[in-house]
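Listing of model.txt, compact mmCIF, C-alpha atoms
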```
# COMPACT_ATOMS: atom_id res chain seq x y z
CA MET A 124 30.70 8.76 -126.24
CA THR A 125 29.30 10.16 -129.48
CA LYS A 126 25.72 9.26 -128.49
CA THR A 127 26.20 10.84 -125.05
CA ARG A 128 27.63 14.01 -126.59
CA ASN A 129 24.76 14.24 -129.10
CA LYS A 130 22.23 13.72 -126.34
CA SER A 131 23.73 16.49 -124.21
CA GLN A 132 23.76 18.84 -127.20
CA ILE A 133 20.10 18.16 -127.89
CA GLN A 134 19.25 18.80 -124.24
CA ARG A 135 21.11 22.11 -124.30
CA ARG A 136 19.22 23.17 -127.42
CA LEU A 137 15.92 22.39 -125.67
CA ILE A 138 16.70 24.59 -122.65
CA PRO A 139 15.23 27.79 -124.24
CA SER A 140 12.08 25.86 -125.14
CA TYR A 141 11.72 24.58 -121.59
CA ILE A 142 12.19 28.08 -120.19
CA PHE A 143 9.58 29.46 -122.61
CA LEU A 144 7.09 26.74 -121.68
CA ILE A 145 7.65 27.24 -117.95
CA ILE A 146 7.05 30.99 -118.25
CA TRP A 147 3.86 30.57 -120.26
CA SER A 148 2.63 27.81 -117.94
CA PHE A 149 3.06 30.17 -115.01
CA ILE A 150 1.20 32.94 -116.86
CA SER A 151 -1.64 30.53 -117.69
CA VAL A 152 -1.99 29.18 -114.16
CA PHE A 153 -1.59 32.51 -112.34
CA PRO A 154 -5.23 33.70 -112.78
CA LEU A 155 -6.47 30.44 -111.24
CA PHE A 156 -3.98 30.75 -108.38
CA TRP A 157 -4.99 34.38 -107.80
CA MET A 158 -8.68 33.43 -107.73
CA ILE A 159 -8.02 30.80 -105.05
CA THR A 160 -5.90 33.11 -102.91
CA ALA A 161 -8.34 36.02 -103.30
CA ALA A 162 -11.13 33.78 -101.96
CA THR A 163 -9.16 33.53 -98.68
CA ASN A 164 -8.61 37.29 -98.27
CA ASN A 165 -10.90 40.20 -97.43
CA THR A 166 -11.88 42.80 -99.97
CA VAL A 167 -9.23 45.30 -98.79
CA ASP A 168 -6.39 42.82 -99.32
CA VAL A 169 -7.76 41.82 -102.71
CA ALA A 170 -8.00 45.47 -103.78
CA ARG A 171 -4.41 46.04 -102.63
CA GLY A 172 -3.23 43.20 -104.87
CA LYS A 173 -2.31 40.61 -102.23
CA ILE A 174 -1.51 37.37 -104.04
CA TRP A 175 -0.93 34.99 -101.13
CA PHE A 176 -3.31 33.02 -98.93
CA GLY A 177 -5.15 34.74 -96.11
CA ASP A 178 -7.28 33.65 -93.17
CA GLN A 179 -10.69 34.90 -94.32
CA ALA A 180 -11.90 31.83 -96.20
CA ALA A 181 -14.47 30.84 -93.55
CA VAL A 182 -15.72 34.43 -93.24
CA ASN A 183 -16.04 34.78 -97.02
CA PHE A 184 -17.90 31.48 -97.26
CA ALA A 185 -20.33 32.48 -94.51
CA ASN A 186 -20.92 35.83 -96.21
CA LEU A 187 -21.41 34.05 -99.53
CA LEU A 188 -24.15 31.89 -98.02
CA LYS A 189 -25.74 34.99 -96.49
CA GLN A 190 -25.59 37.16 -99.60
CA SER A 191 -26.79 34.39 -101.92
CA ALA A 192 -29.94 33.81 -99.85
CA THR A 193 -33.06 35.66 -101.07
CA LYS A 194 -36.56 36.15 -99.75
CA ASN A 195 -37.94 34.01 -102.58
CA GLY A 196 -35.94 30.94 -101.59
CA GLY A 197 -32.79 31.28 -103.67
CA THR A 198 -29.60 29.89 -102.07
CA LEU A 199 -26.05 29.04 -103.05
CA TRP A 200 -26.76 25.30 -103.01
CA GLY A 201 -29.97 25.84 -104.94
CA SER A 202 -28.09 27.74 -107.65
CA MET A 203 -25.43 25.01 -107.77
CA GLY A 204 -28.11 22.36 -108.08
CA ASN A 205 -29.90 24.27 -110.83
CA SER A 206 -26.72 24.73 -112.84
CA PHE A 207 -25.78 21.07 -112.47
CA LEU A 208 -29.27 19.89 -113.44
CA TYR A 209 -29.54 22.18 -116.46
CA ALA A 210 -26.01 21.44 -117.68
CA SER A 211 -26.34 17.67 -117.20
CA VAL A 212 -29.68 17.36 -119.00
CA GLN A 213 -28.51 19.61 -121.83
CA THR A 214 -25.27 17.63 -122.22
CA ILE A 215 -27.02 14.25 -122.37
CA LEU A 216 -29.65 15.37 -124.89
CA CYS A 217 -27.17 17.34 -126.98
CA LEU A 218 -24.78 14.39 -127.26
CA PHE A 219 -27.55 12.02 -128.29
CA ILE A 220 -29.23 14.31 -130.85
CA CYS A 221 -26.06 15.78 -132.38
CA SER A 222 -24.26 12.43 -132.58
CA LEU A 223 -27.27 10.85 -134.25
CA ALA A 224 -27.41 13.74 -136.72
CA GLY A 225 -23.67 13.64 -137.43
CA TYR A 226 -23.83 9.86 -137.82
CA GLY A 227 -26.64 10.15 -140.35
CA PHE A 228 -25.09 13.03 -142.28
CA GLU A 229 -21.80 11.22 -142.80
CA LEU A 230 -22.61 7.53 -143.05
CA TYR A 231 -25.88 7.92 -144.96
CA HIS A 232 -25.09 11.06 -146.86
CA ASP A 233 -26.39 12.11 -150.25
CA LYS A 234 -26.65 15.41 -152.13
CA ALA A 235 -29.84 16.48 -150.32
CA LYS A 236 -28.25 15.88 -146.91
CA ASP A 237 -25.14 17.80 -147.99
CA LYS A 238 -27.29 20.81 -148.90
CA LEU A 239 -29.09 20.59 -145.55
CA PHE A 240 -25.75 20.39 -143.76
CA ALA A 241 -24.57 23.51 -145.61
CA ILE A 242 -27.66 25.34 -144.33
CA LEU A 243 -26.81 24.20 -140.79
CA LEU A 244 -23.31 25.60 -141.16
CA LEU A 245 -24.77 28.93 -142.30
CA ALA A 246 -26.77 28.98 -139.05
CA MET A 247 -23.46 29.19 -137.16
CA MET A 248 -23.00 32.69 -138.59
CA VAL A 249 -26.21 34.00 -136.97
CA PRO A 250 -25.37 35.68 -133.63
CA GLN A 251 -27.23 34.47 -130.56
CA VAL A 252 -28.64 37.90 -129.76
CA ALA A 253 -30.39 37.97 -133.15
CA THR A 254 -32.52 34.97 -132.13
CA MET A 255 -33.03 35.95 -128.51
CA ILE A 256 -36.40 37.71 -128.88
CA PRO A 257 -38.04 35.06 -131.13
CA LEU A 258 -36.78 32.30 -128.83
CA PHE A 259 -38.11 34.08 -125.76
CA LYS A 260 -41.54 34.52 -127.36
CA LEU A 261 -41.56 30.85 -128.34
CA ILE A 262 -40.53 29.62 -124.88
CA SER A 263 -43.00 31.99 -123.22
CA SER A 264 -45.89 30.81 -125.42
CA MET A 265 -45.01 27.20 -124.50
CA LYS A 266 -45.20 28.10 -120.76
CA LEU A 267 -41.60 26.97 -120.22
CA LEU A 268 -40.19 30.02 -118.42
CA ASN A 269 -38.24 29.13 -115.23
CA THR A 270 -38.06 25.47 -116.25
CA VAL A 271 -35.22 23.19 -117.27
CA TRP A 272 -36.76 22.79 -120.73
CA GLY A 273 -36.82 26.52 -121.29
CA PHE A 274 -33.10 26.57 -120.54
CA ILE A 275 -31.99 23.63 -122.68
CA LEU A 276 -34.33 23.53 -125.72
CA PRO A 277 -32.45 26.20 -127.76
CA ALA A 278 -29.13 24.38 -127.22
CA ILE A 279 -29.87 20.65 -127.40
CA SER A 280 -28.86 20.66 -131.06
CA THR A 281 -26.11 22.97 -132.30
CA PRO A 282 -24.47 23.16 -135.75
CA PHE A 283 -21.00 23.01 -134.19
CA MET A 284 -21.67 19.73 -132.38
CA ILE A 285 -23.29 18.17 -135.45
CA MET A 286 -20.29 19.22 -137.53
CA MET A 287 -17.89 17.81 -134.92
CA PHE A 288 -19.61 14.41 -134.88
CA ARG A 289 -19.88 14.35 -138.67
CA GLN A 290 -16.17 15.07 -139.12
CA ASN A 291 -15.13 12.44 -136.58
CA SER A 292 -17.59 9.93 -138.06
CA ARG A 293 -15.39 9.88 -141.15
CA ASN A 294 -12.93 7.81 -139.10
CA PHE A 295 -15.63 5.25 -138.23
CA PRO A 296 -14.76 2.02 -140.12
CA PRO A 297 -17.59 1.26 -142.60
CA ASP A 298 -16.62 -2.43 -142.52
CA ILE A 299 -18.05 -2.61 -139.00
CA MET A 300 -21.45 -1.52 -140.30
CA GLU A 301 -21.38 -4.09 -143.09
CA ALA A 302 -20.40 -6.87 -140.69
CA ALA A 303 -23.14 -5.82 -138.25
CA ARG A 304 -25.76 -5.85 -141.00
CA ILE A 305 -24.66 -9.35 -142.01
CA ASP A 306 -25.09 -10.41 -138.37
CA GLY A 307 -28.68 -9.11 -138.49
CA LEU A 308 -28.41 -5.82 -136.57
CA ASN A 309 -30.73 -3.01 -137.59
CA GLU A 310 -29.54 0.58 -138.05
CA PHE A 311 -30.37 1.75 -134.51
CA ALA A 312 -28.64 -1.30 -133.02
CA ILE A 313 -25.56 -0.50 -135.09
CA PHE A 314 -25.60 3.06 -133.73
CA PHE A 315 -25.98 2.08 -130.08
CA ARG A 316 -23.87 -1.09 -130.03
CA MET A 317 -21.14 -0.26 -132.56
CA TYR A 318 -20.92 3.49 -133.11
CA LEU A 319 -21.15 4.67 -129.50
CA PRO A 320 -18.31 2.48 -128.10
CA VAL A 321 -15.98 3.25 -131.02
CA MET A 322 -16.57 7.03 -130.81
CA ARG A 323 -16.28 7.35 -127.03
CA SER A 324 -13.37 9.83 -127.22
CA THR A 325 -15.47 12.11 -129.43
CA TYR A 326 -18.34 11.84 -126.96
CA ALA A 327 -15.98 12.77 -124.11
CA ALA A 328 -14.73 15.87 -125.95
CA ALA A 329 -18.27 16.90 -126.87
CA ALA A 330 -19.43 16.34 -123.28
CA VAL A 331 -16.74 18.63 -121.90
CA ILE A 332 -17.51 21.39 -124.41
CA THR A 333 -21.29 21.14 -123.96
CA PHE A 334 -21.24 20.93 -120.16
CA MET A 335 -18.87 23.88 -119.81
CA SER A 336 -20.94 25.95 -122.25
CA ALA A 337 -24.18 25.15 -120.41
CA TRP A 338 -22.64 25.69 -116.97
CA ASN A 339 -21.19 29.09 -117.90
CA ALA A 340 -24.27 30.30 -119.82
CA TYR A 341 -25.52 33.64 -118.55
CA LEU A 342 -27.42 35.65 -121.19
CA TRP A 343 -30.11 33.10 -122.09
CA PRO A 344 -30.77 31.98 -118.47
CA LYS A 345 -31.03 35.66 -117.51
CA VAL A 346 -33.77 36.05 -120.11
CA VAL A 347 -35.87 32.95 -119.33
CA MET A 348 -35.11 32.49 -115.61
CA ASN A 349 -36.70 35.37 -113.68
CA SER A 350 -37.29 33.42 -110.48
CA ASP A 351 -34.72 33.20 -107.67
CA THR A 352 -35.46 29.49 -107.25
CA ALA A 353 -34.45 28.89 -110.90
CA ARG A 354 -31.26 30.99 -110.67
CA THR A 355 -27.98 29.53 -111.94
CA MET A 356 -24.45 30.05 -110.64
CA PRO A 357 -23.39 32.66 -113.27
CA MET A 358 -26.52 34.65 -112.37
CA LEU A 359 -25.59 34.41 -108.69
CA ILE A 360 -22.05 35.64 -109.42
CA ALA A 361 -23.46 38.57 -111.41
CA ASN A 362 -25.70 39.48 -108.46
CA LEU A 363 -22.71 39.44 -106.11
CA ALA A 364 -20.82 41.82 -108.41
CA SER A 365 -23.71 44.26 -108.79
CA GLY A 366 -24.65 47.02 -106.37
CA TYR A 367 -22.90 50.06 -104.97
CA THR A 368 -20.10 48.10 -103.28
CA THR A 369 -18.59 44.71 -104.08
CA ASP A 370 -17.03 42.37 -101.53
CA TYR A 371 -14.24 40.95 -103.67
CA GLY A 372 -13.41 38.19 -101.21
CA VAL A 373 -17.00 36.91 -101.31
CA LEU A 374 -17.10 37.37 -105.08
CA MET A 375 -13.95 35.29 -105.58
CA MET A 376 -15.29 32.62 -103.24
CA GLY A 377 -18.40 32.44 -105.42
CA VAL A 378 -16.30 32.28 -108.60
CA LEU A 379 -14.24 29.48 -107.04
CA PHE A 380 -17.37 27.47 -106.25
CA CYS A 381 -18.65 28.10 -109.77
CA SER A 382 -15.37 26.91 -111.32
CA ILE A 383 -14.92 23.67 -109.38
CA PRO A 384 -17.37 21.42 -111.34
CA THR A 385 -15.99 22.40 -114.76
CA MET A 386 -12.39 21.95 -113.58
CA VAL A 387 -13.18 18.48 -112.19
CA ILE A 388 -14.89 17.37 -115.40
CA PHE A 389 -12.08 18.68 -117.58
CA PHE A 390 -9.30 17.06 -115.53
CA VAL A 391 -11.16 13.73 -115.42
CA LEU A 392 -11.79 13.70 -119.19
CA GLN A 393 -8.73 15.61 -120.41
CA LYS A 394 -7.16 12.59 -122.14
CA GLN A 395 -10.37 11.67 -123.93
CA PHE A 396 -10.94 15.36 -124.71
CA ALA A 397 -7.59 15.62 -126.49
CA GLU A 398 -8.27 12.41 -128.44
CA GLY A 399 -11.76 13.56 -129.43
CA ILE A 400 -10.60 16.99 -130.60
CA THR A 401 -7.93 15.41 -132.82
CA GLY A 402 -10.47 13.00 -134.27
CA ALA A 403 -9.07 9.83 -132.71
CA VAL A 404 -11.24 6.71 -132.89
CA LYS A 405 -10.82 3.62 -130.75
```
Write the structure described by the file as structure tokens, please.
Amino acid sequence: MTKTRNKSQIQRRLIPSYIFLIIWSFISVFPLFWMITAATNNTVDVARGKIWFGDQAAVNFANLLKQSATKNGGTLWGSMGNSFLYASVQTILCLFICSLAGYGFELYHDKAKDKLFAILLLAMMVPQVATMIPLFKLISSMKLLNTVWGFILPAISTPFMIMMFRQNSRNFPPDIMEAARIDGLNEFAIFFRMYLPVMRSTYAAAAVITFMSAWNAYLWPKVVMNSDTARTMPMLIANLASGYTTDYGVLMMGVLFCSIPTMVIFFVLQKQFAEGITGAVK
């Protein structure tokens, strides 16, 4: 009886917390819900504030295909393919380079590497717009405009990702390295065969962050991608929103298409993402 009474008292005390969490969950999910419903309504209903599903989804999708097509060959599917290609290549290279750097900074660190790492952290304070013109001149001189390399080269190694891998590498058991060296593995074999499997949750978290950042990038692609065939999804969305009039139903349909890949990746890797952010090592 005493245990039952204590349990009921605890549950009653938690009721305000549950109510608070339910309210904030609704507030958090509402923009996503409104985006989905707006994609099924025409621009008049969206402007009036209608927040329920309509019957214009097929019309909005057809108009999206029509408005995204350009004389130079740009299409909705082409923009989706470009964004997926750029984001995937950038994510793979960024994970490899930044994890290798973080691994070296932490597990082979000395005073010189600590000073170099401090310089890298200072680079995080430099705003992106301050480096935009020099980067554009560099990419242009290398003849990499409108190419995947022009998109990804400035972002395949970032101070934040290096710092993230270095911090999580502190949880990597050094005994594993010693045992691997005794078994005859060289340093690169230790990295690929020991470090990568143990740090998979960190890689998952870094992959989500990097892919979402690359997928949603707008300013840098706008600078180096001046061809319709190299256009990305954020650039397509910006084109739909520009002009004298905006079809909000078509715009929300485009935003929905642009959001689907990042939502899928996050939901698939959400458990590993949480473990990687907290520094968990398996």
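Shortest atom-to-atom contact with Leu363 in chain A among A:Met375, A:Ala302, A:Ile138, A:Met247: A:Met375, counting only C-alpha atoms.
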Counting only C-alpha atoms, which of A:Ala161, A:Met255, A:Ala235, A:Leu230 gets nearest to Arg293 in chain A?
A:Leu230
Which one of A:Ala210, A:Ser202, A:Ala224, A:Asn339 sits closest to Pro282 in chain A if you count all atoms listed in the file?
A:Ala224
Excluding same-chain residues fewer than 2 positions from Val212 in chain A, what lies within 10 Å of it counting all atoms listed in the file, as a VMD selection string?
chain A and resid 207 to 210 214 to 217 271 to 272 274 to 275 279 334 337
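The coordinates place CA of Phe288 in chain A at 14.6 Å from CA of Gln395 in chain A.
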Hey, can you check how far CA of Ile299 in chain A sits from CA of Tyr318 in chain A?
9.0 Å
From the options A:Leu268, A:Ala181, A:Leu188, A:Ala246, which residue's atoms come nearest to Ser350 in chain A, counting all atoms listed in the file?
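Answer, going by the shortest atom-to-atom distance: A:Leu268.
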Which of A:Val373, A:Leu155, A:Leu218, A:Ile285 sits closest to Lys189 in chain A [using only C-alpha atoms]
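Closest to Lys189 in chain A, using only C-alpha atoms: A:Val373.
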Using all atoms listed in the file, the residue out of A:Leu342, A:Met158, A:Met286, A:Val152 with shortest distance to Gly227 in chain A is A:Met286
Please compute the CA of Ser151 in chain A-CA of Ala170 in chain A distance, one decimal, in Å.
21.4 Å
Non-local contacts of Ala185 in chain A (12 Å; only C-alpha atoms; under 6 positions in same chain excluded) as a PyMOL selection string:
chain A and resi 162-163+179+191-192+199+372-373+376-377
Which neighbours of Ser292 in chain A fall inside 8 Å, counting all atoms listed in the file, when residues of the same chain fewer than 5 positions from it are skipped, and could you give them as a count of residues only?
5
Name all residues at most 10 Å from Ser336 in chain A (count only C-alpha atoms; drop same-chain ones fewer than 3 positions away) and give them as a list in words.
Ala210, Gln213, Thr214, Ala278, Ala330, Val331, Ile332, Thr333, Asn339, Ala340, Tyr341 and Thr385 of chain A
Considering only C-alpha atoms, return as a list of chain:residue names whatever protein or nucleic-acid residues lie within 12 Å of Thr352 in chain A, sequence-local ones (same chain, fewer than 2 positions apart) excluded.
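Residues meeting the cut-off are A:Ser191, A:Ala192, A:Thr193, A:Lys194, A:Asn195, A:Gly196, A:Gly197, A:Thr198, A:Leu199, A:Trp200, A:Gly201, A:Ser202, A:Met203, A:Gly204, A:Asn205, A:Ser206, A:Asn269, A:Thr270, A:Val271, A:Met348, A:Asn349, A:Ser350, A:Arg354, A:Thr355, A:Met356, A:Met358, A:Leu359.
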For the selection just defined, write its residues with C-alpha atoms to a file, as a CSV table (one decimal), keeping the file's coordinate frame.
```csv
chain,number,residue,atom,x,y,z
A,191,SER,CA,-26.8,34.4,-101.9
A,192,ALA,CA,-29.9,33.8,-99.8
A,193,THR,CA,-33.1,35.7,-101.1
A,194,LYS,CA,-36.6,36.2,-99.8
A,195,ASN,CA,-37.9,34.0,-102.6
A,196,GLY,CA,-35.9,30.9,-101.6
A,197,GLY,CA,-32.8,31.3,-103.7
A,198,THR,CA,-29.6,29.9,-102.1
A,199,LEU,CA,-26.0,29.0,-103.0
A,200,TRP,CA,-26.8,25.3,-103.0
A,201,GLY,CA,-30.0,25.8,-104.9
A,202,SER,CA,-28.1,27.7,-107.6
A,203,MET,CA,-25.4,25.0,-107.8
A,204,GLY,CA,-28.1,22.4,-108.1
A,205,ASN,CA,-29.9,24.3,-110.8
A,206,SER,CA,-26.7,24.7,-112.8
A,269,ASN,CA,-38.2,29.1,-115.2
A,270,THR,CA,-38.1,25.5,-116.2
A,271,VAL,CA,-35.2,23.2,-117.3
A,348,MET,CA,-35.1,32.5,-115.6
A,349,ASN,CA,-36.7,35.4,-113.7
A,350,SER,CA,-37.3,33.4,-110.5
A,354,ARG,CA,-31.3,31.0,-110.7
A,355,THR,CA,-28.0,29.5,-111.9
A,356,MET,CA,-24.4,30.0,-110.6
A,358,MET,CA,-26.5,34.6,-112.4
A,359,LEU,CA,-25.6,34.4,-108.7
```
